[in-house]
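Dropping run_11.tsv in here (TSV, C-alpha atoms (C1' of nucleotides)):
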```tsv
chain	number	residue	atom	x	y	z
A	1	MET	CA	0.00	0.00	0.00
A	2	PRO	CA	1.76	3.19	-1.08
A	3	LYS	CA	1.91	6.00	1.42
A	4	THR	CA	0.98	8.70	-1.05
A	5	PRO	CA	-2.29	7.93	-2.70
A	6	LEU	CA	-2.49	8.66	-6.36
A	7	LEU	CA	-5.59	10.41	-7.50
A	8	LEU	CA	-5.74	10.35	-11.24
A	9	GLU	CA	-7.91	13.45	-11.27
A	10	ASN	CA	-5.13	15.43	-9.61
A	11	PHE	CA	-2.27	13.86	-11.49
A	12	LEU	CA	-0.65	16.42	-13.76
A	13	PRO	CA	0.23	14.21	-16.74
A	14	TYR	CA	-3.29	12.89	-16.76
A	15	ARG	CA	-4.92	16.28	-16.43
A	16	ILE	CA	-2.84	17.82	-19.18
A	17	SER	CA	-3.56	14.93	-21.45
A	18	VAL	CA	-7.29	15.13	-20.92
A	19	ALA	CA	-7.32	18.90	-21.30
A	20	ALA	CA	-5.29	18.72	-24.49
A	21	ASN	CA	-7.56	16.09	-25.99
A	22	ARG	CA	-10.66	18.06	-25.17
A	23	ILE	CA	-9.25	21.23	-26.66
A	24	SER	CA	-7.86	19.60	-29.78
A	25	GLY	CA	-11.04	17.66	-30.22
A	26	ALA	CA	-13.25	20.70	-29.94
A	27	LEU	CA	-11.10	22.73	-32.31
A	28	SER	CA	-10.68	20.02	-34.88
A	29	ARG	CA	-14.39	19.36	-34.90
A	30	HIS	CA	-14.80	22.93	-36.12
A	31	TYR	CA	-12.62	22.71	-39.14
A	32	ALA	CA	-13.10	19.02	-39.80
A	33	GLU	CA	-16.74	19.50	-40.61
A	34	ARG	CA	-16.30	22.77	-42.40
A	35	PHE	CA	-13.23	21.92	-44.45
A	36	GLY	CA	-12.95	18.17	-44.30
A	37	ILE	CA	-9.42	18.21	-42.95
A	38	GLY	CA	-7.87	16.62	-39.88
A	39	ILE	CA	-5.33	17.87	-37.40
A	40	PRO	CA	-2.21	16.90	-39.33
A	41	GLU	CA	-3.52	18.55	-42.47
A	42	TRP	CA	-4.44	21.65	-40.56
A	43	ARG	CA	-0.95	21.84	-39.14
A	44	VAL	CA	0.62	21.55	-42.54
A	45	ILE	CA	-1.60	24.32	-43.84
A	46	ALA	CA	-0.84	26.51	-40.87
A	47	ASN	CA	2.86	26.13	-41.46
A	48	LEU	CA	2.74	26.66	-45.18
A	49	GLY	CA	0.45	29.63	-44.78
A	50	ARG	CA	3.01	31.22	-42.56
A	51	TYR	CA	6.17	29.89	-44.18
A	52	PRO	CA	5.61	29.09	-47.86
A	53	GLY	CA	8.17	26.89	-49.50
A	54	LEU	CA	8.98	24.62	-46.59
A	55	THR	CA	9.90	21.04	-47.32
A	56	ALA	CA	7.97	18.17	-45.79
A	57	ASN	CA	10.75	17.56	-43.31
A	58	GLU	CA	10.82	21.16	-42.26
A	59	VAL	CA	7.10	21.02	-41.69
A	60	ALA	CA	7.58	17.89	-39.60
A	61	GLU	CA	10.19	19.58	-37.43
A	62	ARG	CA	8.18	22.73	-36.97
A	63	SER	CA	4.96	20.95	-36.17
A	64	ALA	CA	6.27	18.18	-33.95
A	65	MET	CA	4.75	15.59	-36.23
A	66	ASP	CA	6.18	12.40	-37.51
A	67	LYS	CA	7.52	12.58	-41.03
A	68	VAL	CA	5.18	9.78	-42.04
A	69	THR	CA	2.22	11.74	-40.75
A	70	VAL	CA	3.38	14.77	-42.68
A	71	SER	CA	3.93	12.75	-45.82
A	72	ARG	CA	0.39	11.49	-45.69
A	73	ALA	CA	-1.08	14.86	-44.86
A	74	VAL	CA	0.80	16.41	-47.74
A	75	ALA	CA	-0.43	13.70	-50.11
A	76	ALA	CA	-4.00	14.27	-48.97
A	77	LEU	CA	-3.73	18.03	-49.34
A	78	GLU	CA	-2.23	17.64	-52.76
A	79	GLN	CA	-5.12	15.42	-53.77
A	80	LYS	CA	-7.51	18.10	-52.57
A	81	LYS	CA	-5.53	20.68	-54.56
A	82	LEU	CA	-4.86	22.73	-51.46
A	83	ILE	CA	-1.10	22.68	-51.82
A	84	ALA	CA	1.38	22.50	-54.65
A	85	ARG	CA	4.81	20.95	-54.64
A	86	ARG	CA	7.70	21.73	-56.88
A	87	ARG	CA	10.96	19.87	-56.86
A	88	ASP	CA	13.95	21.61	-55.48
A	89	ALA	CA	16.27	22.16	-58.42
A	90	GLY	CA	19.37	21.89	-56.27
A	91	ASP	CA	18.33	18.81	-54.30
A	92	LYS	CA	15.93	16.57	-56.10
A	93	ARG	CA	14.97	14.66	-52.99
A	94	LYS	CA	13.17	17.68	-51.64
A	95	SER	CA	9.82	19.11	-52.54
A	96	LEU	CA	9.11	22.72	-51.82
A	97	LEU	CA	5.56	23.06	-50.61
A	98	THR	CA	3.23	26.01	-50.98
A	99	LEU	CA	-0.45	26.61	-50.60
A	100	SER	CA	-2.44	26.77	-53.80
A	101	ALA	CA	-4.93	29.56	-54.36
A	102	LYS	CA	-7.57	27.26	-52.96
A	103	GLY	CA	-5.32	26.44	-50.02
A	104	ASP	CA	-4.78	30.12	-49.37
A	105	ALA	CA	-8.52	30.61	-49.27
A	106	VAL	CA	-8.89	27.84	-46.71
A	107	TYR	CA	-6.04	29.25	-44.70
A	108	ALA	CA	-7.56	32.70	-44.72
A	109	GLU	CA	-10.77	31.24	-43.39
A	110	ILE	CA	-9.32	28.93	-40.79
A	111	VAL	CA	-6.91	31.32	-39.16
A	112	PRO	CA	-9.54	33.68	-37.74
A	113	LEU	CA	-11.54	30.67	-36.63
A	114	ALA	CA	-8.55	29.19	-34.83
A	115	LEU	CA	-7.56	32.47	-33.27
A	116	GLY	CA	-11.11	33.08	-32.16
A	117	PHE	CA	-11.16	29.71	-30.51
A	118	GLU	CA	-7.91	30.45	-28.75
A	119	ARG	CA	-9.23	33.81	-27.65
A	120	GLU	CA	-12.22	32.13	-26.10
A	121	LEU	CA	-9.98	29.83	-24.16
A	122	LEU	CA	-7.70	32.57	-22.99
A	123	ALA	CA	-10.62	34.75	-21.99
A	124	ARG	CA	-11.30	32.37	-19.15
A	125	LEU	CA	-7.91	33.02	-17.63
A	126	THR	CA	-6.61	35.95	-15.68
A	127	PRO	CA	-3.56	37.68	-17.09
A	128	GLN	CA	-1.42	36.08	-14.41
A	129	GLU	CA	-2.77	32.67	-15.27
A	130	ARG	CA	-2.08	33.23	-18.93
A	131	GLN	CA	1.42	34.29	-18.22
A	132	ALA	CA	2.05	31.39	-15.86
A	133	LEU	CA	0.46	28.87	-18.17
A	134	ASP	CA	2.67	30.12	-20.91
A	135	SER	CA	5.89	29.74	-19.02
A	136	ALA	CA	4.76	26.53	-17.38
A	137	ILE	CA	4.17	24.91	-20.74
A	138	ALA	CA	7.52	26.16	-21.95
A	139	LYS	CA	9.27	24.66	-18.93
A	140	LEU	CA	7.41	21.38	-19.17
A	141	MET	CA	8.54	21.06	-22.76
A	142	GLU	CA	12.21	20.91	-21.84
B	1	MET	CA	-3.96	37.46	-46.09
B	2	PRO	CA	-5.25	37.51	-42.51
B	3	LYS	CA	-4.31	40.45	-40.42
B	4	THR	CA	-3.27	38.45	-37.38
B	5	PRO	CA	-0.63	35.95	-38.30
B	6	LEU	CA	-0.95	32.55	-36.77
B	7	LEU	CA	2.22	31.10	-35.40
B	8	LEU	CA	1.67	27.49	-34.57
B	9	GLU	CA	4.45	27.58	-32.02
B	10	ASN	CA	2.57	30.20	-30.02
B	11	PHE	CA	-0.87	28.75	-30.55
B	12	LEU	CA	-2.25	27.47	-27.26
B	13	PRO	CA	-4.15	24.40	-28.47
B	14	TYR	CA	-1.10	23.31	-30.37
B	15	ARG	CA	1.30	23.90	-27.54
B	16	ILE	CA	-0.82	22.07	-25.00
B	17	SER	CA	-1.24	19.17	-27.35
B	18	VAL	CA	2.47	18.85	-27.98
B	19	ALA	CA	3.31	19.22	-24.31
B	20	ALA	CA	0.75	16.62	-23.31
B	21	ASN	CA	2.02	14.16	-25.90
B	22	ARG	CA	5.59	14.60	-24.78
B	23	ILE	CA	4.70	14.12	-21.15
B	24	SER	CA	2.41	11.15	-21.68
B	25	GLY	CA	4.91	9.62	-24.01
B	26	ALA	CA	7.78	9.97	-21.59
B	27	LEU	CA	5.77	8.62	-18.69
B	28	SER	CA	4.27	5.73	-20.58
B	29	ARG	CA	7.67	4.73	-21.86
B	30	HIS	CA	8.66	4.20	-18.24
B	31	TYR	CA	5.97	1.77	-17.32
B	32	ALA	CA	5.47	0.30	-20.76
B	33	GLU	CA	8.91	-1.21	-20.76
B	34	ARG	CA	8.91	-2.18	-17.12
B	35	PHE	CA	5.41	-3.60	-16.85
B	36	GLY	CA	4.30	-4.12	-20.41
B	37	ILE	CA	1.19	-2.01	-20.08
B	38	GLY	CA	-0.09	0.94	-22.04
B	39	ILE	CA	-1.77	4.14	-21.00
B	40	PRO	CA	-5.35	2.82	-20.89
B	41	GLU	CA	-4.29	-0.14	-18.78
B	42	TRP	CA	-2.35	2.08	-16.47
B	43	ARG	CA	-5.37	4.30	-16.00
B	44	VAL	CA	-7.57	1.35	-15.16
B	45	ILE	CA	-5.04	0.14	-12.61
B	46	ALA	CA	-4.72	3.59	-11.09
B	47	ASN	CA	-8.45	3.80	-10.63
B	48	LEU	CA	-8.91	0.33	-9.26
B	49	GLY	CA	-5.96	0.76	-6.93
B	50	ARG	CA	-7.63	3.78	-5.51
B	51	TYR	CA	-11.26	2.70	-5.80
B	52	PRO	CA	-11.57	-1.06	-5.77
B	53	GLY	CA	-14.82	-2.50	-7.01
B	54	LEU	CA	-15.60	0.01	-9.72
B	55	THR	CA	-17.42	-1.19	-12.79
B	56	ALA	CA	-15.98	-0.76	-16.25
B	57	ASN	CA	-18.32	2.12	-16.92
B	58	GLU	CA	-17.37	3.87	-13.73
B	59	VAL	CA	-13.74	3.53	-14.69
B	60	ALA	CA	-14.54	4.99	-18.08
B	61	GLU	CA	-16.24	8.00	-16.53
B	62	ARG	CA	-13.51	8.62	-14.00
B	63	SER	CA	-10.69	8.29	-16.47
B	64	ALA	CA	-12.18	10.16	-19.41
B	65	MET	CA	-11.73	7.13	-21.59
B	66	ASP	CA	-14.09	5.61	-24.08
B	67	LYS	CA	-15.94	2.57	-22.80
B	68	VAL	CA	-14.55	0.56	-25.68
B	69	THR	CA	-11.03	1.46	-24.65
B	70	VAL	CA	-11.79	0.51	-21.08
B	71	SER	CA	-13.35	-2.76	-22.14
B	72	ARG	CA	-10.23	-3.68	-24.02
B	73	ALA	CA	-7.89	-2.57	-21.29
B	74	VAL	CA	-9.86	-4.59	-18.76
B	75	ALA	CA	-9.74	-7.65	-20.98
B	76	ALA	CA	-5.99	-7.28	-21.38
B	77	LEU	CA	-5.44	-6.83	-17.66
B	78	GLU	CA	-7.58	-9.83	-16.91
B	79	GLN	CA	-5.52	-11.88	-19.31
B	80	LYS	CA	-2.40	-10.77	-17.50
B	81	LYS	CA	-4.04	-11.69	-14.20
B	82	LEU	CA	-3.66	-8.17	-12.88
B	83	ILE	CA	-7.32	-7.68	-12.14
B	84	ALA	CA	-10.25	-9.83	-11.18
B	85	ARG	CA	-13.88	-9.36	-12.02
B	86	ARG	CA	-16.85	-10.68	-10.20
B	87	ARG	CA	-20.38	-10.33	-11.39
B	88	ASP	CA	-22.58	-7.98	-9.52
B	89	ALA	CA	-25.20	-10.15	-7.84
B	90	GLY	CA	-27.84	-7.47	-8.04
B	91	ASP	CA	-27.21	-6.43	-11.64
B	92	LYS	CA	-25.72	-9.15	-13.76
B	93	ARG	CA	-24.72	-6.79	-16.53
B	94	LYS	CA	-22.08	-5.26	-14.32
B	95	SER	CA	-18.70	-6.60	-13.36
B	96	LEU	CA	-17.07	-5.33	-10.23
B	97	LEU	CA	-13.38	-4.93	-10.86
B	98	THR	CA	-10.56	-5.21	-8.37
B	99	LEU	CA	-6.82	-5.57	-8.57
B	100	SER	CA	-5.47	-9.06	-8.01
B	101	ALA	CA	-2.54	-9.60	-5.66
B	102	LYS	CA	-0.30	-9.32	-8.68
B	103	GLY	CA	-2.12	-6.17	-9.75
B	104	ASP	CA	-1.66	-4.70	-6.31
B	105	ALA	CA	2.04	-5.35	-6.56
B	106	VAL	CA	2.23	-3.56	-9.89
B	107	TYR	CA	0.19	-0.70	-8.51
B	108	ALA	CA	2.45	-0.39	-5.49
B	109	GLU	CA	5.41	-0.16	-7.80
B	110	ILE	CA	3.96	2.19	-10.38
B	111	VAL	CA	2.51	4.77	-8.05
B	112	PRO	CA	5.82	5.98	-6.65
B	113	LEU	CA	7.24	5.98	-10.15
B	114	ALA	CA	4.37	8.09	-11.43
B	115	LEU	CA	4.48	10.46	-8.51
B	116	GLY	CA	8.22	10.80	-8.86
B	117	PHE	CA	7.78	11.69	-12.49
B	118	GLU	CA	5.17	14.26	-11.61
B	119	ARG	CA	7.42	15.69	-8.92
B	120	GLU	CA	10.19	16.12	-11.45
B	121	LEU	CA	7.85	18.03	-13.72
B	122	LEU	CA	6.54	20.23	-10.96
B	123	ALA	CA	10.03	20.92	-9.67
B	124	ARG	CA	10.63	23.00	-12.77
B	125	LEU	CA	7.85	25.37	-11.89
B	126	THR	CA	7.65	28.10	-9.34
B	127	PRO	CA	4.86	27.83	-6.78
B	128	GLN	CA	2.95	30.56	-8.59
B	129	GLU	CA	3.30	28.74	-11.86
B	130	ARG	CA	2.07	25.53	-10.30
B	131	GLN	CA	-0.90	27.24	-8.82
B	132	ALA	CA	-1.71	29.05	-12.04
B	133	LEU	CA	-1.22	25.97	-14.16
B	134	ASP	CA	-3.55	24.12	-11.89
B	135	SER	CA	-6.37	26.61	-12.10
B	136	ALA	CA	-5.73	27.27	-15.76
B	137	ILE	CA	-6.19	23.61	-16.61
B	138	ALA	CA	-9.31	23.51	-14.51
B	139	LYS	CA	-10.75	26.49	-16.34
B	140	LEU	CA	-9.79	25.20	-19.74
B	141	MET	CA	-11.62	21.98	-18.98
B	142	GLU	CA	-14.97	23.68	-18.64
C	1	DT	C1'	-47.22	-10.53	-17.44
C	2	DT	C1'	-45.60	-8.74	-21.99
C	3	DG	C1'	-43.49	-5.47	-24.93
C	4	DA	C1'	-40.60	-1.28	-25.42
C	5	DT	C1'	-36.72	1.35	-23.77
C	6	DT	C1'	-32.47	1.89	-21.44
C	7	DT	C1'	-28.01	0.42	-19.75
C	8	DA	C1'	-23.40	-2.47	-19.32
C	9	DG	C1'	-20.32	-4.32	-21.93
C	10	DT	C1'	-18.41	-6.58	-26.21
C	11	DT	C1'	-17.48	-7.17	-31.06
C	12	DT	C1'	-16.96	-5.56	-35.72
C	13	DC	C1'	-15.23	-2.60	-39.00
C	14	DA	C1'	-12.85	1.21	-40.90
C	15	DA	C1'	-9.71	4.98	-40.18
C	16	DA	C1'	-5.47	6.89	-37.97
C	17	DT	C1'	-0.94	6.14	-36.37
C	18	DG	C1'	3.94	4.74	-35.72
C	19	DT	C1'	7.96	1.56	-36.67
C	20	DA	C1'	10.62	-0.40	-39.84
C	21	DA	C1'	11.89	-1.29	-44.42
C	22	DC	C1'	12.58	0.71	-48.79
C	23	DT	C1'	13.78	4.06	-52.95
C	24	DA	C1'	16.04	7.84	-54.66
C	25	DT	C1'	19.23	11.38	-54.22
C	26	DC	C1'	23.04	13.72	-52.18
C	27	DA	C1'	27.57	14.13	-49.50
C	28	DT	C1'	32.00	12.31	-48.12
C	29	DG	C1'	36.30	9.88	-48.11
C	30	DT	C1'	39.66	7.58	-50.59
D	1	DA	C1'	35.41	7.93	-60.11
D	2	DC	C1'	33.38	4.99	-56.73
D	3	DA	C1'	32.05	2.99	-52.53
D	4	DT	C1'	29.94	4.19	-48.09
D	5	DG	C1'	27.08	6.52	-45.43
D	6	DA	C1'	23.50	10.08	-44.63
D	7	DT	C1'	19.06	12.33	-45.86
D	8	DA	C1'	14.09	13.22	-48.02
D	9	DG	C1'	10.30	11.01	-48.62
D	10	DT	C1'	7.20	6.90	-49.40
D	11	DT	C1'	5.34	2.31	-48.67
D	12	DA	C1'	4.18	-1.84	-45.96
D	13	DC	C1'	2.77	-3.74	-41.89
D	14	DA	C1'	1.11	-4.11	-37.40
D	15	DT	C1'	-1.21	-1.71	-33.65
D	16	DT	C1'	-4.41	1.52	-31.73
D	17	DT	C1'	-8.52	3.77	-31.83
D	18	DG	C1'	-13.43	5.11	-31.99
D	19	DA	C1'	-18.12	4.83	-34.12
D	20	DA	C1'	-21.69	1.85	-34.80
D	21	DA	C1'	-23.89	-2.48	-34.39
D	22	DC	C1'	-24.79	-5.99	-31.30
D	23	DT	C1'	-25.94	-9.05	-26.90
D	24	DA	C1'	-27.61	-9.57	-22.47
D	25	DA	C1'	-29.72	-7.88	-18.57
D	26	DA	C1'	-32.53	-4.44	-16.20
D	27	DT	C1'	-36.27	-0.98	-16.01
D	28	DC	C1'	-40.53	0.95	-17.25
D	29	DA	C1'	-45.28	1.18	-18.92
D	30	DA	C1'	-49.62	-0.67	-19.86
```
Encoded form (structure tokens):
Amino acid sequence: MPKTPLLLENFLPYRISVAANRISGALSRHYAERFGIGIPEWRVIANLGRYPGLTANEVAERSAMDKVTVSRAVAALEQKKLIARRRDAGDKRKSLLTLSAKGDAVYAEIVPLALGFERELLARLTPQERQALDSAIAKLME
Amino acid sequence: MPKTPLLLENFLPYRISVAANRISGALSRHYAERFGIGIPEWRVIANLGRYPGLTANEVAERSAMDKVTVSRAVAALEQKKLIARRRDAGDKRKSLLTLSAKGDAVYAEIVPLALGFERELLARLTPQERQALDSAIAKLME
DNA sequence: TTGATTTAGTTTCAAATGTAACTATCATGT
DNA sequence: ACATGATAGTTACATTTGAAACTAAATCAA
């Protein structure tokens, strides 16, 4: 019998995991139904919208996704004509990825939606809590 | 072109998701290799260690897991002889779940490990950050 | 009672995911 | 130049996962 009882509902890793799933789930429901894209695809779009011309690997690094996940998301987005790839002339292994006109349109629509969602979340917190949450997450990531 | 740029690396839902995955991943690696159990199984054990005699549905509610996930975790744990189920006499649809002696032993070993892991995480934060993180998570969960 | 509805839990099926193996290209050392 | 090793990206396979259908038992209504 351990001295310190473990209450899952107070256990930080558990609580963060549940919170993250709820938040991601709620957000992705928004753009899944409106745009028919999942989280990995959304992340690729978000990165390419901000940094056009990234390679798949660069997207993977930036978005903390597996390169396989990115590869599949890129293939799906290409199918949907939301992104375009052109081979890097200097290194033919690489593809430089950019949003298509259609992809840009989706991006322009999703970004305000995503930011609005984030704003709603942050509105529940006091400025101190926001600040602390921010640095806490940063420290937990190390 | 949206006015407010969206930087994924500053976007709260994204950051929480990545942080949660890192933390869960690191923790589960610990007990996955030592005990051969995954996150759902661990959550079932944690609940039964603390509240013996729960039904599968009660575990599902308490642990924010799908009932299918719980059903499978319970089946796996039963196979491994870590838990025992006895039919509820009054309601034969229900099974009352408890840890076996072997399950108790695993529980007794995992709990300190889990709490130690949590302590390491929390050690990185100032008391204010801990407090704020705590209430921030609570508020985000609503 | 009997029939209809709800609840606990399992099974089935399809989609999502990660690991490992693979292909193609590039870089390096000799 | 050529062999060896690294890198970008894809494919194959096995595992995980959840939604929906299903079974069995309980509850409710007439």
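Restricting the calculation to all atoms listed in the file, the smallest distance between Lys92 of chain B and any of B:Thr55, B:Asn10, B:Asn47, B:Ser24 is found for B:Thr55.
Atom CA of Ile37 of chain A to atom CA of Val68 of chain A spans 16.9 Å [interatomic distance, one decimal].
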Using 6 Å as the limit and counting only C-alpha atoms, can you tabulate each residue of chain B that touches chain A, with its shortest atom-to-atom distance in Å and the two atoms involved, as a tab-separated table?
```
residue	atom	partner	partner_atom	distance
B:Pro2	CA	A:Ala108	CA	5.8
B:Ile16	CA	A:Ala20	CA	5.6
B:Ser17	CA	A:Ala20	CA	5.0
B:Ala19	CA	A:Met141	CA	5.8
B:Ala20	CA	A:Ser17	CA	5.0
B:Ala108	CA	A:Pro2	CA	5.7
B:Glu129	CA	A:Ala132	CA	5.0
B:Ala132	CA	A:Glu129	CA	5.0
B:Leu133	CA	A:Leu133	CA	5.2
B:Met141	CA	A:Ala19	CA	5.8
```
Serialized selection, C-alpha atoms, as a short mmCIF file (atom, residue, chain, number, x, y, z; two decimals), in the frame of the given file:
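Saved as out_37.cif:
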```
data_model
loop_
_atom_site.label_atom_id
_atom_site.label_comp_id
_atom_site.auth_asym_id
_atom_site.auth_seq_id
_atom_site.Cartn_x
_atom_site.Cartn_y
_atom_site.Cartn_z
CA PRO B 2 -5.25 37.51 -42.51
CA ILE B 16 -0.82 22.07 -25.00
CA SER B 17 -1.24 19.17 -27.35
CA ALA B 19 3.31 19.22 -24.31
CA ALA B 20 0.75 16.62 -23.31
CA ALA B 108 2.45 -0.39 -5.49
CA GLU B 129 3.30 28.74 -11.86
CA ALA B 132 -1.71 29.05 -12.04
CA LEU B 133 -1.22 25.97 -14.16
CA MET B 141 -11.62 21.98 -18.98
#
```
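When all atoms listed in the file are used to measure the gap to chain D, the shortest distance among B:Ser95, B:Thr69, B:Ser28, B:Asn57 belongs to B:Thr69.
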Determine, for each residue of chain B having at least one atom at most 12 Å from an atom of chain C, the closest pair of atoms and their separation in Å to one decimal, counting all atoms listed in the file; order by chain and ascending number, as CSV.
```
residue,atom,partner,partner_atom,distance
B:Thr55,CA,C:DA8,C1',8.9
B:Ala56,CA,C:DG9,C1',8.0
B:Asn57,CA,C:DA8,C1',7.3
B:Glu58,CA,C:DA8,C1',10.4
B:Ala60,CA,C:DG9,C1',11.6
B:Asp66,CA,C:DG9,C1',11.9
B:Lys67,CA,C:DG9,C1',8.2
B:Val68,CA,C:DT10,C1',8.1
B:Thr69,CA,C:DT10,C1',11.0
B:Val70,CA,C:DG9,C1',9.8
B:Ser71,CA,C:DG9,C1',7.1
B:Arg72,CA,C:DT10,C1',9.0
B:Val74,CA,C:DG9,C1',10.9
B:Ala75,CA,C:DT10,C1',10.2
B:Arg87,CA,C:DA8,C1',11.6
B:Asp88,CA,C:DA8,C1',11.3
B:Asp91,CA,C:DA8,C1',9.4
B:Lys92,CA,C:DA8,C1',9.0
B:Arg93,CA,C:DA8,C1',5.3
B:Lys94,CA,C:DA8,C1',5.9
B:Ser95,CA,C:DA8,C1',8.6
B:Leu96,CA,C:DA8,C1',11.4
```
